[in-house]
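Read through the structure below, which is laid out as structure tokens, and then see the notes.
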Amino acid sequence: MSLTRNRFYLYLSLACMVGYGWLALVGRLKPEEVGKQYDVCLIRHFVHIPCPSCGATRSVLSLIHGDLLGGLYWNPLGFLIFAILVAAPFWISYDLLLKKATLFQFYHLFENTLRHKWVAIAAIILILANWIWNILKDV
């Protein structure tokens with residue numbers, strides 16, 4: 001089943017709302033307290049090693065507080081998540097108000113770019129390096 005523009009915007013909007021809700025729940029905590037009080041990673045729970053995205057919430061919280069190095073330390077993927085949480089609502093609103101599909105087109109362009117062999121290999125290497133780093137620092 002192919003993802004339609006409307007379904008894509010719905011899913012992305014829901015993901016942003018869940019993300020904002022999660023940040024509202026843990027936002028009163030310091031980034032280093034989040035992993036201790038709310039450990040929701042199933043991989044860490046069952047396998048006892050952090051997953052590639054472990055620390056992403058702490059990273060986003062650090063970025064919200066202006067701590068760029070903390071955001072980088074906890075998980076570089078937090079920068080991507082933070083950018084999506086900030087930009088997506090505005091971009092979705094822009095497209096819906098003007099009846100355009102620029103975000104949907106960007107998503108397809110990004111998806112097609114990832115299908116190139118060397119881009120995919122580089123992305124996999126970066127995710128694996130991040131995962132190793134998470135394991136070594138035991139996020």
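To be explicit about the labels: the chains of the structure tokens are called A, B, and onward in the order shown, and within each one the residues are counted from 1, while ligands get numbers from 1 in the order they are shown.
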Residues within 9 Å of Trp133 of chain A, only C-alpha atoms, excluding chain neighbours under 5 positions, as a PyMOL selection string:
chain A and resi 52+75+128+138-139
For the residues in that selection, give me N, CA and C atoms as a PDB file, in the first residue's frame.
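So the final result, stored in part_18.pdb, reads:
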ATOM      1  N   PRO A  52      20.223   1.964  19.113  1.00  0.00           N
ATOM      2  CA  PRO A  52      20.791   3.145  18.457  1.00  0.00           C
ATOM      3  C   PRO A  52      20.088   4.453  18.810  1.00  0.00           C
ATOM      4  N   ASN A  75      22.815  11.673  22.235  1.00  0.00           N
ATOM      5  CA  ASN A  75      22.565  10.947  20.990  1.00  0.00           C
ATOM      6  C   ASN A  75      22.447  11.958  19.847  1.00  0.00           C
ATOM      7  N   LEU A 128      25.288   2.390  12.894  1.00  0.00           N
ATOM      8  CA  LEU A 128      26.067   1.393  13.645  1.00  0.00           C
ATOM      9  C   LEU A 128      27.097   2.065  14.551  1.00  0.00           C
ATOM     10  N   ASP A 138      27.163   3.456  27.633  1.00  0.00           N
ATOM     11  CA  ASP A 138      26.035   2.886  28.368  1.00  0.00           C
ATOM     12  C   ASP A 138      24.970   3.932  28.665  1.00  0.00           C
ATOM     13  N   VAL A 139      24.453   4.505  27.594  1.00  0.00           N
ATOM     14  CA  VAL A 139      23.427   5.558  27.717  1.00  0.00           C
ATOM     15  C   VAL A 139      22.236   5.050  28.482  1.00  0.00           C
TER      16      VAL A 139
END
Surrounding residues of His65 of chain A excluding itself and chain neighbours under 3 positions, 12 Å, only C-alpha atoms, as a CSV table (one decimal) with C-alpha atoms, in the first residue's frame:
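This went into result_0.csv:
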chain,number,residue,atom,x,y,z
A,27,GLY,CA,10.3,17.8,30.5
A,28,ARG,CA,10.4,18.5,34.2
A,29,LEU,CA,13.4,16.1,34.6
A,30,LYS,CA,17.0,16.8,33.9
A,31,PRO,CA,18.2,14.9,30.8
A,58,ARG,CA,17.7,13.2,26.7
A,59,SER,CA,19.4,14.7,23.6
A,60,VAL,CA,16.2,16.6,22.7
A,61,LEU,CA,15.8,17.9,26.2
A,62,SER,CA,19.4,19.1,26.2
A,68,LEU,CA,24.3,21.5,22.1
A,69,LEU,CA,27.2,19.4,23.5
A,70,GLY,CA,24.8,17.6,25.8
A,71,GLY,CA,22.6,16.9,22.9
A,82,PHE,CA,14.5,18.1,17.4
note - atom CA of Val47 of chain A and atom CA of Leu63 of chain A are separated by 28.6 Å
Practice item. Would you kindly return, as a PyMOL selection string, each protein, DNA or RNA residue with an atom no farther than 8 Å from any atom of Tyr20 of chain A, considering only C-alpha atoms and excluding same-chain residues fewer than 4 positions away? Key: chain A and resi 16+24+85
Generate a file of the selected residues that holds N, CA and C atoms, formatted as an mmCIF file, in the first residue's frame.
data_model
loop_
_atom_site.group_PDB
_atom_site.id
_atom_site.type_symbol
_atom_site.label_atom_id
_atom_site.label_comp_id
_atom_site.auth_asym_id
_atom_site.auth_seq_id
_atom_site.Cartn_x
_atom_site.Cartn_y
_atom_site.Cartn_z
ATOM 1 N N CYS A 16 4.389 13.714 15.832
ATOM 2 C CA CYS A 16 4.793 14.954 16.510
ATOM 3 C C CYS A 16 4.014 15.143 17.799
ATOM 4 N N ALA A 24 6.502 16.609 27.223
ATOM 5 C CA ALA A 24 5.769 17.254 28.315
ATOM 6 C C ALA A 24 5.824 16.387 29.573
ATOM 7 N N LEU A 85 10.589 17.884 15.015
ATOM 8 C CA LEU A 85 9.558 18.380 15.921
ATOM 9 C C LEU A 85 9.322 19.879 15.776
#
Pairwise distance, atom CA of Pro50 of chain A with atom CA of Ala123 of chain A, equals 18.9 Å
Atom pair atom CA of Phe46 of chain A + atom CA of Ile135 of chain A, distance 14.6 Å
**Request:** Considering only C-alpha atoms, state which residue in the set A:Val18, A:Ile127, A:Ile49, A:Ala101 is at the smallest distance from Thr4 of chain A.
**Result:**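 Selected residue with least distance to Thr4 of chain A: A:Ala101.
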Exercise. Find the residues near Thr102 of chain A: any atom within 9 Å, counting only C-alpha atoms, skip ones fewer than 5 places away on the same chain, and give them as a ChimeraX atom specification.
Key: /A:91-92,94-95,107
